[in-house]
Amino acid sequence: MKPFTYERATSPAEAAAAAARRPGAKFIAGGTNLLDLMKLQIETPAHLIDVNGLALDKLEPTPEGGLRIGALVRNTDLAADQRVRRDYGVLSRALLAGASGQLRNKATTAGNLLQRTRCPYFYDTNQPCNKRQPGSGCSALGGFSRQLAVVGHSEACIATNPSDMAVALRALDAVVETVKPDGTTRGIPIAEFHRLPGDTPHIETALEPGEFITAVTLPPPAGGRHVYRKVRDRASYAFALVSVAAVVQRDGTGRVALGGVAHRPWRVEAAEAEVPRGARAAMAAILANARPTHENAFKVTLAERALHAVLAEARG
Amino acid sequence: MKFDTPATTNPIDQLKVVGQPVDRIDGRLKTTGQAPYAYEHNDAVRDHAYGYVVGAAIAKGRITGMDLRAARAAPGVLAVVTAENAGALGKGRMNTARLLAGPEVDHYHQAVAVVVAETFEQARDAAQMVQVSYAGAEGAFDLAAARDLAEKVDQSASATGDFEGAFATAPVQLDATYTTPDQSHAMMEPHASIAAWDGDRLVVWTSNQMIEWGAGDLARTLNMPREKVRLISPFIGGGFGGKLFLRTDAVMAALGSRAARRPVKVALQRPLMINNTTHRPATIQRIRIGTGRDGRIVAIGHESWSGDQPGGGPETAVDQTRLLYTGANRLTQLRLAVLDLPEGNAMRAPGEAPGLMALEIAMDEMAEKLGMDPVEFRVINDTQVDPNDTSRPFSRRQLVECLRTGAEQFGWSRRSARPGQAREGSWLLGMGVAAAFRNNLVMTSGARVRLDGRGEVTVETDMTDIGTGSYTIIAQTAAEMMGVTIDKVTVRLGDSSFPASAGSGGQWGANSSTAGVYAACVKLRNAVARKLGFNSADAVFEDGQVRAGNRSVTLAEAAGGEGMVAEDAIEFGELSKRFQQSTFGAHFVEVGVDAATGEVRIRRMLAVCAAGRILNPKTARSQVIGAMTMGVGGALMEELAVDTRRGFFVNHDLAAYEVPVHADIPHQEVIFLDEVDPMSSPMKAKGVGELGLCGVAAAIANAIYNATGVRVRDYPITLDKHLDRLPELA
């Protein structure tokens, strides 16, 4: 861990301004991902801005009938909230499928959105990684890729996004609210929030330098049956091989987002017309552009079969 | 005491304390956090500094330069030790690769430096400033690719009758190849040591299963006299074979301490452990079984390939096949390839654990070919003698009883012989069985026993307790022998200044170390009797008193003010050569396999064990259920992923190297058959801890097959290996 300086933010706008003033600054909330990465010197922030004191830990209804989730709402609290359980069940289920009770008690909504990949080559500072060291190459390509992306990846990076929560938010059409260092605010649709790796896998989100997440807003409830199915090698405390977040209506139409397959939660709206025709047709469309490696080709079959189970559960 | 004739009746047979489910005597210390582990001896060591180990960034090659200026100039740094300034180092007898690289690098994350600083954080920060340049060399990292270059090893090789001829003409044949992956011990407590020099004498508080080996190898490595090294390891947070040997934490702490002129503590950081220390090597195993139409084995052959560093050894995966089943024509053979992956060595029932993973699937496949029940197929191929030398009986062998008892208790008759038939909602259900087998090893073991003026007993031996319950069974042994209650016994372990013991490994520890305590207690009893003028054969030690005829003296009086002390060791003679000593069991497992995703979830597990006298059914049960949990790991998830281009285990932390979590483990049952084995020791006990693991993974594999009808021969059985062969979804 590199020595760093530290301050406590006094307001969201001030946090953003402070980050812009100090190149190499990072926000810290729960610290469940950042501190680990700092110990390994994968993250080497020169300055930490502690945002835990900001009053961003509330869940409140929006005028449109949706729900505004403060950036600092802990994963445990978000999963347990009555409104979330009733109206956005896929989100509650996704959260509870992730990490452990202890981690969810610390981890925040914004921090979860910003967690970094678990690609094992990213985690080993002796290995080339374009995410860690832009331009150094991707050692995962042609290496141990069983867990890695099957779609949307590039020659520069085949990492996946590890979040469960973000997959549910993608299915729910959430909007990420931010404040920039100049004090202006904006809402970033979740579809645009996480980027594909392209040539710049180290740039993972649409956030501008210093831009600070204040909340995540959910639109009014979409109804339907909410299912989150996470498939992994052990029963708990493991990242998804494939996960499926689905909101399925009585008429068989629905939205489907996948985790564990790409650099961001993977949803193809145009493919959702196929959902009423069943898992095979839907997944063929959702993963039409899949280019799996030899080691992770099973994820394509697995995604289809998992969706099959999800649709059966939604019908049942 | 020499043990070379079968044990007759002795005070242990009273079973007032031994054989009882006594709570761990160290339990309170552990649950209240007061048991000091290797990194925590802060009362014994003051003013210590911290060392942080730098691991090699390449798998094979040469260090061409090191720039230590930034590290040395970093805040708090006291010393940086590398091969350049460490002085001449030897190599431990039990080590294959050197514990400090330079200039040659033998494997990934081999230590290249230790940075010593005032605080842990300073040491870690400075360690990351050590700049090393390397010239990489080509290496061999792929066992499958190196298979044809592997050479035959004499160890474990056997040939009885005419295997090839008998197999070729056998009416029913199986010829199948299985693979097991590299695996990591993944114990909770990392390798950790605190070293302190006093002149030319060195004391190391460490976490090590084998104190005598460790002290000897540390002296050899540092080129110093053995008697100037003291190792202290009273509590060990798991070892599983990963702490059988001297590792770099102890060496780096000693070198760092010498350089910094301060006590130094070093713990291996988790991401370094997997490639820096030892692991269980991967195997490729070919098994051939030939039977008559009646299911009797006429030919059984087991060959295994594994790799290791130059000068290393094979995974002895064929050992059980020499002894487990009958058959006049037999072949076992190991082959070893040179690989430049980190050093392979013992882990959790080495040999039998991976060997049975293959053999017991093969037995299941063979039973199916024969149309026989897998339990019956094993039963009819039982043997009560060493099949390679039929004049040599097993000392005690209850494999058939284990299988029969387990089948009855588990409800085996409800299993469908045809796979893929049982279903519950979205789950495909299956049951599997496997035999368990592990040889019983015996090792010389010494102890010192003191009786003090309060009538209390203290046992000292360098035996270790790796979480197994050694403290407790040793206390039970001394209490039984001296006729006192267990609260009058103090046990002190894990110090090389105590008599050398068997140590903990290969499931030899419990039987051997308690037999050593028995020997010392016999000597002490004789001395007490002699002192009191009793005929030692008549003296009865009971209720804190010694009685002979109508005379009775308290132990406190007998000991007198100065107390009495006796030291002895148990030494084992030829009995283990005349009689094959092994432990037996049967594992039964029920699994559910998700029909859509192929995820496997264990539903029930049962182990039936026949392993001599069970010294403490409570601690023994804990060992067995822990071992069964390891079996779940081996069957379903544990695998070190090899990057065959870069030559290292990629998933080198506990997020990526998965072991079972609570949610993976269902209800586990353990049955110990009533057994005493007078050939094994005066305790009539045998090892049991590793038996609990042997066969588990195959029982799970067989249950998965029974559920799905898809046979997977490559461990771990992750869902991707059967997903595309599962039934179409409706």
# chains A, B, ... in the order shown; residues from 1 in each chain; ligands from 1
call {"tool": "interface_residues", "arguments": {"of": "chain B", "to": "chain A", "cutoff": "6 Å", "atoms": "only C-alpha atoms", "output": "list in words"}}
result
Ala57, Asp125, Ala596, Thr597, Asp643, Ala663, Asp664 and Asp720 of chain B
call {"tool": "write_last_selection", "arguments": {"atoms": "all heavy atoms", "output": "PDB file, in the first residue's frame"}}
result
ATOM      1  N   ALA B  57       8.919 -12.885  -9.949  1.00  0.00           N
ATOM      2  CA  ALA B  57       7.872 -12.519 -10.906  1.00  0.00           C
ATOM      3  C   ALA B  57       7.877 -13.399 -12.137  1.00  0.00           C
ATOM      4  O   ALA B  57       7.010 -13.256 -12.995  1.00  0.00           O
ATOM      5  CB  ALA B  57       8.055 -11.055 -11.319  1.00  0.00           C
ATOM      6  N   ASP B 125       5.143  -1.791   1.954  1.00  0.00           N
ATOM      7  CA  ASP B 125       5.335  -0.714   0.979  1.00  0.00           C
ATOM      8  C   ASP B 125       6.733  -0.792   0.359  1.00  0.00           C
ATOM      9  O   ASP B 125       6.905  -0.741  -0.861  1.00  0.00           O
ATOM     10  CB  ASP B 125       5.133   0.636   1.682  1.00  0.00           C
ATOM     11  CG  ASP B 125       5.251   1.797   0.719  1.00  0.00           C
ATOM     12  OD1 ASP B 125       4.846   1.644  -0.454  1.00  0.00           O
ATOM     13  OD2 ASP B 125       5.762   2.857   1.133  1.00  0.00           O
ATOM     14  N   ALA B 596     -31.159 -28.006 -15.042  1.00  0.00           N
ATOM     15  CA  ALA B 596     -30.931 -26.946 -16.023  1.00  0.00           C
ATOM     16  C   ALA B 596     -29.468 -26.532 -16.071  1.00  0.00           C
ATOM     17  O   ALA B 596     -28.862 -26.481 -17.142  1.00  0.00           O
ATOM     18  CB  ALA B 596     -31.809 -25.739 -15.690  1.00  0.00           C
ATOM     19  N   THR B 597     -28.904 -26.239 -14.916  1.00  0.00           N
ATOM     20  CA  THR B 597     -27.574 -25.619 -14.884  1.00  0.00           C
ATOM     21  C   THR B 597     -26.447 -26.605 -14.622  1.00  0.00           C
ATOM     22  O   THR B 597     -25.279 -26.258 -14.779  1.00  0.00           O
ATOM     23  CB  THR B 597     -27.521 -24.545 -13.790  1.00  0.00           C
ATOM     24  OG1 THR B 597     -27.755 -25.185 -12.528  1.00  0.00           O
ATOM     25  CG2 THR B 597     -28.574 -23.471 -14.024  1.00  0.00           C
ATOM     26  N   ASP B 643      -1.360 -21.681 -15.685  1.00  0.00           N
ATOM     27  CA  ASP B 643      -1.099 -20.959 -16.926  1.00  0.00           C
ATOM     28  C   ASP B 643       0.130 -21.614 -17.525  1.00  0.00           C
ATOM     29  O   ASP B 643       1.259 -21.417 -17.050  1.00  0.00           O
ATOM     30  CB  ASP B 643      -0.865 -19.477 -16.664  1.00  0.00           C
ATOM     31  CG  ASP B 643      -0.769 -18.679 -17.963  1.00  0.00           C
ATOM     32  OD1 ASP B 643      -0.126 -19.179 -18.906  1.00  0.00           O
ATOM     33  OD2 ASP B 643      -1.316 -17.576 -18.029  1.00  0.00           O
ATOM     34  N   ALA B 663     -22.544 -23.395   3.086  1.00  0.00           N
ATOM     35  CA  ALA B 663     -23.720 -23.716   2.286  1.00  0.00           C
ATOM     36  C   ALA B 663     -23.504 -24.939   1.395  1.00  0.00           C
ATOM     37  O   ALA B 663     -24.467 -25.510   0.892  1.00  0.00           O
ATOM     38  CB  ALA B 663     -24.110 -22.509   1.429  1.00  0.00           C
ATOM     39  N   ASP B 664     -22.260 -25.329   1.205  1.00  0.00           N
ATOM     40  CA  ASP B 664     -21.982 -26.509   0.378  1.00  0.00           C
ATOM     41  C   ASP B 664     -22.083 -27.803   1.163  1.00  0.00           C
ATOM     42  O   ASP B 664     -22.063 -28.884   0.573  1.00  0.00           O
ATOM     43  CB  ASP B 664     -20.557 -26.417  -0.202  1.00  0.00           C
ATOM     44  CG  ASP B 664     -20.430 -25.308  -1.221  1.00  0.00           C
ATOM     45  OD1 ASP B 664     -21.166 -25.358  -2.217  1.00  0.00           O
ATOM     46  OD2 ASP B 664     -19.611 -24.400  -1.010  1.00  0.00           O
ATOM     47  N   ASP B 720     -19.466 -27.352 -16.070  1.00  0.00           N
ATOM     48  CA  ASP B 720     -19.144 -27.296 -17.496  1.00  0.00           C
ATOM     49  C   ASP B 720     -18.757 -28.663 -18.050  1.00  0.00           C
ATOM     50  O   ASP B 720     -18.796 -28.880 -19.256  1.00  0.00           O
ATOM     51  CB  ASP B 720     -18.014 -26.290 -17.753  1.00  0.00           C
ATOM     52  CG  ASP B 720     -16.863 -26.441 -16.782  1.00  0.00           C
ATOM     53  OD1 ASP B 720     -17.111 -26.337 -15.560  1.00  0.00           O
ATOM     54  OD2 ASP B 720     -15.730 -26.684 -17.222  1.00  0.00           O
TER      55      ASP B 720
END
call {"tool": "residues_around", "arguments": {"residues": "Gly301 of chain B", "least_positions_apart": "6", "cutoff": "7 Å", "atoms": "only C-alpha atoms", "output": "ChimeraX atom specification"}}
result
/B:287-289,330-332
call {"tool": "residues_around", "arguments": {"residues": "Asp217 of chain B", "least_positions_apart": "3", "cutoff": "9 Å", "atoms": "only C-alpha atoms", "output": "ChimeraX atom specification"}}
result
/B:90-95,212-214,220-222,226,245-246
call {"tool": "write_last_selection", "arguments": {"atoms": "N, CA, C and O atoms", "output": "PDB file, in the first residue's frame"}}
result
ATOM      1  N   GLY B  90      22.417 -23.492   2.974  1.00  0.00           N
ATOM      2  CA  GLY B  90      22.239 -24.883   2.596  1.00  0.00           C
ATOM      3  C   GLY B  90      20.794 -25.101   2.181  1.00  0.00           C
ATOM      4  O   GLY B  90      20.025 -24.160   2.005  1.00  0.00           O
ATOM      5  N   LYS B  91      20.432 -26.359   2.036  1.00  0.00           N
ATOM      6  CA  LYS B  91      19.049 -26.680   1.689  1.00  0.00           C
ATOM      7  C   LYS B  91      18.561 -27.795   2.597  1.00  0.00           C
ATOM      8  O   LYS B  91      19.294 -28.743   2.875  1.00  0.00           O
ATOM      9  N   GLY B  92      17.340 -27.653   3.047  1.00  0.00           N
ATOM     10  CA  GLY B  92      16.767 -28.657   3.947  1.00  0.00           C
ATOM     11  C   GLY B  92      16.618 -29.997   3.255  1.00  0.00           C
ATOM     12  O   GLY B  92      16.423 -30.071   2.047  1.00  0.00           O
ATOM     13  N   ARG B  93      16.709 -31.078   4.055  1.00  0.00           N
ATOM     14  CA  ARG B  93      16.567 -32.414   3.486  1.00  0.00           C
ATOM     15  C   ARG B  93      15.199 -32.631   2.865  1.00  0.00           C
ATOM     16  O   ARG B  93      15.047 -33.356   1.898  1.00  0.00           O
ATOM     17  N   MET B  94      14.173 -31.982   3.458  1.00  0.00           N
ATOM     18  CA  MET B  94      12.811 -32.206   2.994  1.00  0.00           C
ATOM     19  C   MET B  94      12.404 -31.214   1.909  1.00  0.00           C
ATOM     20  O   MET B  94      11.288 -31.256   1.431  1.00  0.00           O
ATOM     21  N   ASN B  95      13.278 -30.262   1.587  1.00  0.00           N
ATOM     22  CA  ASN B  95      12.955 -29.263   0.565  1.00  0.00           C
ATOM     23  C   ASN B  95      13.491 -29.696  -0.786  1.00  0.00           C
ATOM     24  O   ASN B  95      14.606 -30.218  -0.876  1.00  0.00           O
ATOM     25  N   GLU B 212      10.799 -31.662  14.657  1.00  0.00           N
ATOM     26  CA  GLU B 212      12.160 -32.194  14.524  1.00  0.00           C
ATOM     27  C   GLU B 212      12.674 -32.000  13.084  1.00  0.00           C
ATOM     28  O   GLU B 212      13.818 -31.597  12.873  1.00  0.00           O
ATOM     29  N   TRP B 213      11.821 -32.286  12.121  1.00  0.00           N
ATOM     30  CA  TRP B 213      12.223 -32.043  10.724  1.00  0.00           C
ATOM     31  C   TRP B 213      12.533 -30.555  10.518  1.00  0.00           C
ATOM     32  O   TRP B 213      13.503 -30.188   9.858  1.00  0.00           O
ATOM     33  N   GLY B 214      11.649 -29.729  11.041  1.00  0.00           N
ATOM     34  CA  GLY B 214      11.779 -28.288  10.811  1.00  0.00           C
ATOM     35  C   GLY B 214      13.041 -27.728  11.424  1.00  0.00           C
ATOM     36  O   GLY B 214      13.763 -26.948  10.795  1.00  0.00           O
ATOM     37  N   ARG B 220      20.213 -26.840   8.836  1.00  0.00           N
ATOM     38  CA  ARG B 220      20.910 -27.158   7.580  1.00  0.00           C
ATOM     39  C   ARG B 220      20.894 -25.970   6.627  1.00  0.00           C
ATOM     40  O   ARG B 220      21.886 -25.652   5.990  1.00  0.00           O
ATOM     41  N   THR B 221      19.773 -25.312   6.542  1.00  0.00           N
ATOM     42  CA  THR B 221      19.657 -24.187   5.616  1.00  0.00           C
ATOM     43  C   THR B 221      20.566 -23.034   6.031  1.00  0.00           C
ATOM     44  O   THR B 221      21.180 -22.385   5.196  1.00  0.00           O
ATOM     45  N   LEU B 222      20.641 -22.806   7.346  1.00  0.00           N
ATOM     46  CA  LEU B 222      21.451 -21.691   7.830  1.00  0.00           C
ATOM     47  C   LEU B 222      22.887 -22.116   8.122  1.00  0.00           C
ATOM     48  O   LEU B 222      23.685 -21.319   8.625  1.00  0.00           O
ATOM     49  N   ARG B 226      22.608 -27.999  14.742  1.00  0.00           N
ATOM     50  CA  ARG B 226      21.209 -28.291  15.068  1.00  0.00           C
ATOM     51  C   ARG B 226      20.867 -27.855  16.495  1.00  0.00           C
ATOM     52  O   ARG B 226      19.779 -27.345  16.756  1.00  0.00           O
ATOM     53  N   PHE B 245       6.963 -29.112   6.405  1.00  0.00           N
ATOM     54  CA  PHE B 245       8.372 -28.844   6.099  1.00  0.00           C
ATOM     55  C   PHE B 245       8.735 -27.407   6.451  1.00  0.00           C
ATOM     56  O   PHE B 245       7.878 -26.535   6.525  1.00  0.00           O
ATOM     57  N   LEU B 246      10.029 -27.199   6.606  1.00  0.00           N
ATOM     58  CA  LEU B 246      10.542 -25.842   6.714  1.00  0.00           C
ATOM     59  C   LEU B 246      10.129 -25.069   5.470  1.00  0.00           C
ATOM     60  O   LEU B 246      10.286 -25.552   4.352  1.00  0.00           O
TER      61      LEU B 246
END
call {"tool": "residues_around", "arguments": {"residues": "segment 231-237 of chain B", "least_positions_apart": "5", "cutoff": "7 Å", "atoms": "only C-alpha atoms", "output": "PyMOL selection string"}}
result
chain B and resi 35-38+188-189+203-208+211+215+464-467+493-496
call {"tool": "closest_residue", "arguments": {"among": "A:Ala46, A:Leu311, A:Met283, A:Ala174", "to": "Arg21 of chain A", "atoms": "only C-alpha atoms"}}
result
A:Ala46
call {"tool": "select_by_dssp", "arguments": {"residues": "segment 82-289 of chain B", "states": "strand (DSSP E or B)", "output": "PyMOL selection string"}}
result
chain B and resi 82+104-105+111-117+131-136+151-160+172-180+183+192-198+201-206+229-232+264-267+279-280+283-289
call {"tool": "residues_around", "arguments": {"residues": "Gly692 of chain B", "least_positions_apart": "2", "cutoff": "6 Å", "atoms": "only C-alpha atoms", "output": "list of chain:residue names"}}
result
B:Val624, B:Ala627, B:Met628, B:Gly689, B:Glu690, B:Cys694
call {"tool": "select_by_dssp", "arguments": {"residues": "segment 137-282 of chain A", "states": "alpha helix (DSSP H)", "output": "JSON, numbers by chain"}}
result
{"A": [165, 166, 167, 168, 169, 170, 171, 190, 191, 192, 193, 279, 280, 281, 282]}
call {"tool": "write_last_selection", "arguments": {"atoms": "all heavy atoms", "output": "compact mmCIF listing (two decimals), in the first residue's frame"}}
result
# COMPACT_ATOMS: atom_id res chain seq x y z
N MET A 165 -25.53 -6.80 -8.28
CA MET A 165 -26.48 -5.69 -8.18
C MET A 165 -26.65 -4.97 -9.51
O MET A 165 -27.78 -4.62 -9.91
CB MET A 165 -25.99 -4.70 -7.11
CG MET A 165 -26.92 -3.54 -6.87
SD MET A 165 -26.14 -2.23 -5.88
CE MET A 165 -25.18 -1.40 -7.16
N ALA A 166 -25.53 -4.75 -10.18
CA ALA A 166 -25.59 -3.97 -11.43
C ALA A 166 -26.40 -4.68 -12.51
O ALA A 166 -27.01 -4.04 -13.36
CB ALA A 166 -24.17 -3.69 -11.92
N VAL A 167 -26.40 -6.02 -12.46
CA VAL A 167 -27.16 -6.77 -13.46
C VAL A 167 -28.65 -6.53 -13.26
O VAL A 167 -29.42 -6.29 -14.21
CB VAL A 167 -26.83 -8.29 -13.36
CG1 VAL A 167 -27.58 -9.07 -14.44
CG2 VAL A 167 -25.33 -8.51 -13.47
N ALA A 168 -29.07 -6.54 -11.99
CA ALA A 168 -30.47 -6.26 -11.69
C ALA A 168 -30.83 -4.82 -12.06
O ALA A 168 -31.89 -4.55 -12.63
CB ALA A 168 -30.75 -6.52 -10.22
N LEU A 169 -29.94 -3.89 -11.74
CA LEU A 169 -30.20 -2.48 -12.08
C LEU A 169 -30.34 -2.30 -13.59
O LEU A 169 -31.14 -1.48 -14.06
CB LEU A 169 -29.07 -1.58 -11.54
CG LEU A 169 -28.97 -1.45 -10.02
CD1 LEU A 169 -27.81 -0.53 -9.65
CD2 LEU A 169 -30.28 -0.94 -9.42
N ARG A 170 -29.58 -3.07 -14.33
CA ARG A 170 -29.65 -2.98 -15.80
C ARG A 170 -31.02 -3.45 -16.28
O ARG A 170 -31.62 -2.86 -17.17
CB ARG A 170 -28.53 -3.85 -16.39
CG ARG A 170 -28.44 -3.84 -17.91
CD ARG A 170 -27.88 -2.52 -18.42
NE ARG A 170 -27.78 -2.55 -19.88
CZ ARG A 170 -28.77 -2.24 -20.71
NH1 ARG A 170 -29.95 -1.85 -20.24
NH2 ARG A 170 -28.59 -2.29 -22.02
N ALA A 171 -31.51 -4.53 -15.66
CA ALA A 171 -32.84 -5.02 -16.05
C ALA A 171 -33.93 -4.05 -15.64
O ALA A 171 -35.00 -4.02 -16.25
CB ALA A 171 -33.08 -6.39 -15.42
N ILE A 190 -28.31 3.53 -16.79
CA ILE A 190 -27.42 2.42 -16.44
C ILE A 190 -26.85 1.77 -17.71
O ILE A 190 -25.71 1.27 -17.70
CB ILE A 190 -28.13 1.40 -15.54
CG1 ILE A 190 -27.17 0.33 -15.00
CG2 ILE A 190 -29.30 0.72 -16.25
CD1 ILE A 190 -26.31 0.77 -13.87
N ALA A 191 -27.60 1.80 -18.79
CA ALA A 191 -27.13 1.20 -20.04
C ALA A 191 -25.86 1.89 -20.54
O ALA A 191 -25.05 1.28 -21.25
CB ALA A 191 -28.22 1.28 -21.11
N GLU A 192 -25.71 3.15 -20.17
CA GLU A 192 -24.54 3.90 -20.64
C GLU A 192 -23.46 4.02 -19.56
O GLU A 192 -22.41 4.61 -19.80
CB GLU A 192 -24.97 5.31 -21.08
CG GLU A 192 -25.85 5.28 -22.31
CD GLU A 192 -26.67 6.56 -22.46
OE1 GLU A 192 -26.21 7.63 -21.97
OE2 GLU A 192 -27.77 6.49 -23.04
N PHE A 193 -23.76 3.54 -18.39
CA PHE A 193 -22.84 3.77 -17.27
C PHE A 193 -21.56 2.94 -17.39
O PHE A 193 -20.45 3.46 -17.32
CB PHE A 193 -23.53 3.48 -15.94
CG PHE A 193 -22.67 3.81 -14.76
CD1 PHE A 193 -22.52 5.13 -14.33
CD2 PHE A 193 -21.97 2.81 -14.08
CE1 PHE A 193 -21.70 5.43 -13.25
CE2 PHE A 193 -21.15 3.11 -13.00
CZ PHE A 193 -21.01 4.44 -12.59
N ALA A 279 -36.28 -19.69 -24.08
CA ALA A 279 -34.89 -19.41 -23.73
C ALA A 279 -33.94 -19.56 -24.92
O ALA A 279 -33.02 -18.77 -25.10
CB ALA A 279 -34.46 -20.35 -22.61
N ARG A 280 -34.20 -20.57 -25.74
CA ARG A 280 -33.25 -20.81 -26.82
C ARG A 280 -33.24 -19.64 -27.80
O ARG A 280 -32.17 -19.10 -28.12
CB ARG A 280 -33.60 -22.11 -27.55
CG ARG A 280 -32.71 -22.34 -28.78
CD ARG A 280 -32.74 -23.76 -29.22
NE ARG A 280 -32.19 -24.64 -28.19
CZ ARG A 280 -32.12 -25.96 -28.29
NH1 ARG A 280 -32.55 -26.57 -29.37
NH2 ARG A 280 -31.60 -26.69 -27.33
N ALA A 281 -34.43 -19.23 -28.20
CA ALA A 281 -34.52 -18.12 -29.14
C ALA A 281 -33.99 -16.83 -28.52
O ALA A 281 -33.24 -16.08 -29.15
CB ALA A 281 -35.96 -17.95 -29.58
N ALA A 282 -34.38 -16.61 -27.28
CA ALA A 282 -33.97 -15.36 -26.63
C ALA A 282 -32.45 -15.31 -26.47
O ALA A 282 -31.81 -14.30 -26.79
CB ALA A 282 -34.66 -15.23 -25.27
call {"tool": "closest_residue", "arguments": {"among": "A:Gly89, A:Pro221, A:Pro45, A:Gly98", "to": "Gly66 of chain A", "atoms": "only C-alpha atoms"}}
result
A:Pro221
call {"tool": "closest_residue", "arguments": {"among": "B:Thr248, B:Thr96, B:Ser470, B:Thr277", "to": "Val517 of chain B", "atoms": "only C-alpha atoms"}}
result
B:Ser470
call {"tool": "residues_around", "arguments": {"residues": "Val318 of chain B", "least_positions_apart": "3", "cutoff": "6 Å", "atoms": "only C-alpha atoms", "output": "tab-separated table (two decimals) with all heavy atoms, in the first residue's frame"}}
result
chain	number	residue	atom	x	y	z
B	302	HIS	N	-2.77	-50.05	-12.21
B	302	HIS	CA	-2.94	-48.61	-11.93
B	302	HIS	C	-1.61	-47.92	-12.19
B	302	HIS	O	-0.60	-48.23	-11.57
B	302	HIS	CB	-3.37	-48.43	-10.46
B	302	HIS	CG	-3.85	-47.05	-10.14
B	302	HIS	ND1	-4.58	-46.78	-9.01
B	302	HIS	CD2	-3.74	-45.87	-10.79
B	302	HIS	CE1	-4.90	-45.48	-8.97
B	302	HIS	NE2	-4.38	-44.91	-10.05
B	321	THR	N	-4.00	-49.20	-4.54
B	321	THR	CA	-4.37	-50.24	-5.50
B	321	THR	C	-3.56	-51.52	-5.29
B	321	THR	O	-3.96	-52.61	-5.71
B	321	THR	CB	-4.22	-49.69	-6.93
B	321	THR	OG1	-4.91	-48.44	-6.98
B	321	THR	CG2	-4.81	-50.63	-7.96
B	355	GLY	N	-5.45	-40.99	-5.49
B	355	GLY	CA	-5.51	-42.33	-6.07
B	355	GLY	C	-6.91	-42.91	-6.02
B	355	GLY	O	-7.41	-43.47	-7.00
call {"tool": "residues_around", "arguments": {"residues": "Thr177 of chain B", "least_positions_apart": "3", "cutoff": "8 Å", "atoms": "only C-alpha atoms", "output": "PyMOL selection string"}}
result
chain B and resi 284-287+713
call {"tool": "write_last_selection", "arguments": {"atoms": "N, CA and C atoms", "output": "tab-separated table (two decimals), in the first residue's frame"}}
result
chain	number	residue	atom	x	y	z
B	284	ILE	N	-2.33	-37.79	-13.81
B	284	ILE	CA	-3.06	-38.48	-14.88
B	284	ILE	C	-2.99	-39.95	-14.50
B	285	GLN	N	-4.13	-40.60	-14.39
B	285	GLN	CA	-4.13	-41.98	-13.89
B	285	GLN	C	-4.85	-42.90	-14.87
B	286	ARG	N	-4.15	-43.93	-15.26
B	286	ARG	CA	-4.76	-44.96	-16.11
B	286	ARG	C	-5.03	-46.20	-15.26
B	287	ILE	N	-6.26	-46.63	-15.31
B	287	ILE	CA	-6.64	-47.80	-14.52
B	287	ILE	C	-7.20	-48.86	-15.45
B	713	ARG	N	-14.62	-37.94	-15.77
B	713	ARG	CA	-13.39	-38.58	-15.26
B	713	ARG	C	-12.30	-37.56	-14.95
call {"tool": "atom_distance", "arguments": {"atom1": "atom CA of Lys131 of chain A", "atom2": "atom CA of Thr200 of chain A"}}
result
7.7 Å
call {"tool": "decode", "arguments": {"residues": "segment 266-285 of chain A", "atoms": "C-alpha atoms", "output": "compact mmCIF listing (two decimals), in the first residue's frame"}}
result
# COMPACT_ATOMS: atom_id res chain seq x y z
CA TRP A 266 -25.20 -7.59 -20.63
CA ARG A 267 -28.61 -6.68 -21.94
CA VAL A 268 -29.74 -6.48 -25.55
CA GLU A 269 -33.12 -4.75 -25.64
CA ALA A 270 -33.66 -5.63 -29.30
CA ALA A 271 -33.33 -9.31 -28.45
CA GLU A 272 -36.10 -9.22 -25.85
CA ALA A 273 -38.78 -9.60 -28.52
CA GLU A 274 -37.64 -13.23 -28.56
CA VAL A 275 -38.30 -13.82 -24.84
CA PRO A 276 -41.89 -15.04 -25.36
CA ARG A 277 -40.53 -17.69 -27.75
CA GLY A 278 -38.43 -19.19 -25.01
CA ALA A 279 -34.89 -19.41 -23.73
CA ARG A 280 -33.25 -20.81 -26.82
CA ALA A 281 -34.52 -18.12 -29.14
CA ALA A 282 -33.97 -15.36 -26.63
CA MET A 283 -30.43 -16.37 -25.74
CA ALA A 284 -29.48 -16.88 -29.37
CA ALA A 285 -30.37 -13.25 -29.88
